[in-house]
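Undergrad: Data: coords-v5.csv, CSV, C-alpha atoms.
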```
chain,number,residue,atom,x,y,z
X,553,MET,CA,0.0,0.0,0.0
X,554,ARG,CA,2.8,2.4,0.8
X,555,ASN,CA,4.2,2.4,-2.7
X,556,ASP,CA,0.7,2.8,-4.1
X,557,VAL,CA,0.3,6.0,-2.0
X,558,ILE,CA,3.7,7.4,-3.1
X,559,GLU,CA,3.0,6.6,-6.8
X,560,HIS,CA,-0.5,8.1,-6.5
X,561,ILE,CA,0.9,11.3,-5.0
X,562,GLY,CA,3.5,11.5,-7.7
X,563,SER,CA,0.9,10.9,-10.4
X,564,CYS,CA,-1.3,13.7,-9.0
X,565,ILE,CA,1.6,16.1,-8.9
X,566,TRP,CA,2.5,15.2,-12.5
X,567,LYS,CA,-1.1,15.7,-13.6
X,568,ALA,CA,-1.5,19.0,-11.8
X,569,ARG,CA,1.8,20.3,-13.3
X,570,ARG,CA,0.7,19.3,-16.8
X,571,HIS,CA,-2.7,20.9,-16.4
X,572,LYS,CA,-1.1,24.2,-15.3
X,573,GLY,CA,1.1,24.0,-18.4
X,574,TYR,CA,4.3,24.0,-16.2
X,575,SER,CA,7.5,22.3,-17.2
X,576,ARG,CA,9.6,20.8,-14.5
X,577,ARG,CA,11.9,23.8,-14.8
X,578,VAL,CA,9.0,26.3,-14.2
X,579,LEU,CA,7.8,24.3,-11.2
X,580,SER,CA,11.4,24.1,-9.9
X,581,GLU,CA,11.6,27.9,-10.1
X,582,LYS,CA,8.3,28.3,-8.3
X,583,THR,CA,9.2,25.9,-5.5
X,584,GLY,CA,12.9,26.0,-5.1
X,585,LEU,CA,13.1,22.3,-5.6
X,586,SER,CA,15.4,20.8,-8.2
X,587,GLU,CA,14.0,19.4,-11.4
X,588,ARG,CA,15.5,16.0,-10.5
X,589,THR,CA,13.6,16.0,-7.2
X,590,ILE,CA,10.3,16.9,-8.9
X,591,GLU,CA,10.9,14.1,-11.4
X,592,LYS,CA,11.5,11.6,-8.6
X,593,ILE,CA,8.4,12.7,-6.8
X,594,GLU,CA,6.3,12.5,-10.0
X,595,LYS,CA,7.5,9.0,-10.8
X,596,GLY,CA,6.9,7.8,-7.2
X,597,LYS,CA,10.6,7.1,-6.6
X,598,VAL,CA,10.9,9.1,-3.4
X,599,ASN,CA,8.8,9.4,-0.2
X,600,THR,CA,8.9,13.2,0.2
X,601,THR,CA,8.4,15.3,3.2
X,602,ALA,CA,5.2,17.1,4.3
X,603,GLU,CA,7.0,20.4,3.8
X,604,THR,CA,7.8,19.6,0.2
X,605,LEU,CA,4.3,18.4,-0.5
X,606,TYR,CA,3.0,21.7,1.0
X,607,THR,CA,5.3,23.6,-1.3
X,608,LEU,CA,4.1,21.7,-4.3
X,609,ILE,CA,0.4,21.9,-3.4
X,610,ASN,CA,0.6,25.7,-3.1
X,611,ALA,CA,2.7,26.2,-6.3
X,612,LEU,CA,0.2,24.1,-8.2
X,613,ASP,CA,-2.8,25.6,-6.5
X,614,MET,CA,-4.2,22.1,-5.9
X,615,SER,CA,-6.3,20.6,-3.1
X,616,ALA,CA,-4.5,18.4,-0.5
X,617,ASP,CA,-7.6,16.2,-0.6
X,618,TYR,CA,-6.8,15.3,-4.2
X,619,LEU,CA,-3.5,13.9,-2.9
X,620,PHE,CA,-4.6,12.2,0.2
X,621,LYS,CA,-8.1,10.8,-0.3
X,622,MET,CA,-6.8,8.2,-2.7
X,623,ASP,CA,-9.6,5.7,-2.5
X,624,LYS,CA,-12.3,8.4,-2.9
X,625,TYR,CA,-10.7,9.7,-6.1
X,626,GLN,CA,-9.6,6.4,-7.6
X,627,ALA,CA,-13.1,5.0,-7.2
X,628,ASP,CA,-14.4,7.4,-9.8
X,629,ALA,CA,-12.2,8.4,-12.8
X,630,LYS,CA,-14.8,10.9,-13.9
X,631,CYS,CA,-14.5,12.7,-10.6
X,632,GLU,CA,-10.7,12.9,-11.1
X,633,GLN,CA,-11.3,14.2,-14.6
X,634,VAL,CA,-13.5,17.0,-13.3
X,635,ILE,CA,-11.0,17.9,-10.6
X,636,ASN,CA,-8.2,18.1,-13.1
X,637,MET,CA,-10.2,20.5,-15.3
X,638,LEU,CA,-11.1,22.6,-12.3
X,639,MET,CA,-7.4,22.8,-11.2
X,640,ALA,CA,-6.6,24.6,-14.5
X,641,CYS,CA,-9.2,27.3,-13.7
X,642,ASP,CA,-8.8,30.6,-11.9
X,643,GLU,CA,-11.1,31.3,-8.9
X,644,ASN,CA,-13.8,33.1,-11.0
X,645,GLN,CA,-13.9,30.3,-13.5
X,646,LYS,CA,-14.2,27.8,-10.6
X,647,ASP,CA,-17.1,29.7,-9.2
X,648,VAL,CA,-18.9,29.7,-12.6
X,649,VAL,CA,-18.2,26.0,-13.1
X,650,CYS,CA,-19.5,25.1,-9.6
X,651,ARG,CA,-22.7,27.1,-10.0
X,652,THR,CA,-23.2,25.6,-13.4
X,653,MET,CA,-22.7,22.1,-12.1
X,654,GLN,CA,-25.0,22.6,-9.2
X,655,THR,CA,-27.8,23.9,-11.6
X,656,LEU,CA,-27.2,20.9,-13.9
X,657,ILE,CA,-27.3,18.4,-11.1
X,658,GLU,CA,-30.5,19.9,-9.7
X,659,ALA,CA,-32.1,19.8,-13.1
X,660,MET,CA,-31.1,16.2,-13.7
X,661,ARG,CA,-32.4,15.1,-10.3
X,662,GLY,CA,-35.6,16.9,-11.0
X,663,GLU,CA,-35.9,15.2,-14.4
X,664,LYS,CA,-35.4,11.8,-12.8
X,665,ILE,CA,-38.0,12.6,-10.2
X,666,GLY,CA,-40.3,13.8,-12.9
X,667,VAL,CA,-39.8,10.6,-15.0
X,668,ALA,CA,-40.4,8.5,-11.9
X,669,HIS,CA,-43.6,10.3,-11.1
X,670,ALA,CA,-44.8,10.0,-14.7
X,671,ASN,CA,-44.1,6.2,-14.6
X,672,GLY,CA,-46.1,6.0,-11.4
X,673,LEU,CA,-43.1,5.2,-9.2
```
Go through the file and emit its structure as structure tokens.

TA:
Amino acid sequence: MRNDVIEHIGSCIWKARRHKGYSRRVLSEKTGLSERTIEKIEKGKVNTTAETLYTLINALDMSADYLFKMDKYQADAKCEQVINMLMACDENQKDVVCRTMQTLIEAMRGEKIGVAHANGL
């Protein structure tokens, strides 16, 4: 399990970096970490410190939940896809997306309820 966690964290860091459009060099400049260290973390080759993770999370503007709630996010690839898209947004875009998703979900739930009532359920 330990290696799975390290690999999961590395994969999340890699995905977040790619979604931001950062090269390892850019991330290195933003964090003060060497490109080699970032590569090792992304490939799951090193069990990094909490301080380094904190630095990476802030530089990539990502949620710590995304890193540490492994089972929750691995259970639903679509959820991970949505989170990755949101990570690439600025705060205003995130607000718009969240409101839009809430409206769509409410509409879909209402539609399902309407269909169930129409079918006598």

Undergrad: Using only C-alpha atoms, which residues sit within 8 Å of Ala568 (chain X) once same-chain residues fewer than 2 positions away are excluded, as a PyMOL selection string?

TA: chain X and resi 564-566+570-572+612+614+636+639

Undergrad: Which is closer to Thr601 (chain X) than all the others in X:Cys641, X:Val634, X:Ala659, X:Ile558, using only C-alpha atoms?

TA: X:Ile558

Undergrad: Using only C-alpha atoms, which of the listed residues (X:Ser563, X:Thr652, X:Gln633, X:Gln645) sits closest to Ile590 (chain X)?

TA: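 Nearest candidate to Ile590 (chain X) out of X:Ser563, X:Thr652, X:Gln633, X:Gln645: X:Ser563.
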
Undergrad: When you count all atoms listed in the file, which of these residues is closest to Lys595 (chain X): X:Ile561, X:Met653, X:Met660, X:Cys631?

TA: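 Looking only at the distances to Lys595 (chain X), the closest residue turns out to be X:Ile561.
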
Undergrad: Find the residues near His560 (chain X): any atom within 9 Å, counting all atoms listed in the file, skip ones fewer than 6 places away on the same chain, and give them as a PyMOL selection string.

TA: chain X and resi 594+596+619-620+622

Undergrad: How would the residues just picked look written out with C-alpha atoms as a compact mmCIF listing (two decimals), in the frame of the given file?

TA:
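For reference, result-v5.txt as written:
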```txt
# COMPACT_ATOMS: atom_id res chain seq x y z
CA GLU X 594 6.30 12.50 -10.00
CA GLY X 596 6.90 7.80 -7.20
CA LEU X 619 -3.50 13.90 -2.90
CA PHE X 620 -4.60 12.20 0.20
CA MET X 622 -6.80 8.20 -2.70
```

Undergrad: Work out how far apart CA of Lys567 (chain X) and CA of Ala611 (chain X) are and give it in Å to one decimal.

TA: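 CA of Lys567 (chain X) sits 13.3 Å away from CA of Ala611 (chain X).
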
Undergrad: Between X:Thr655, X:Asn610, X:Asn599, X:Ser615, single out the one closest to Leu579 (chain X), counting only C-alpha atoms.

TA: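 For Leu579 (chain X), the nearest of the candidates is X:Asn610.
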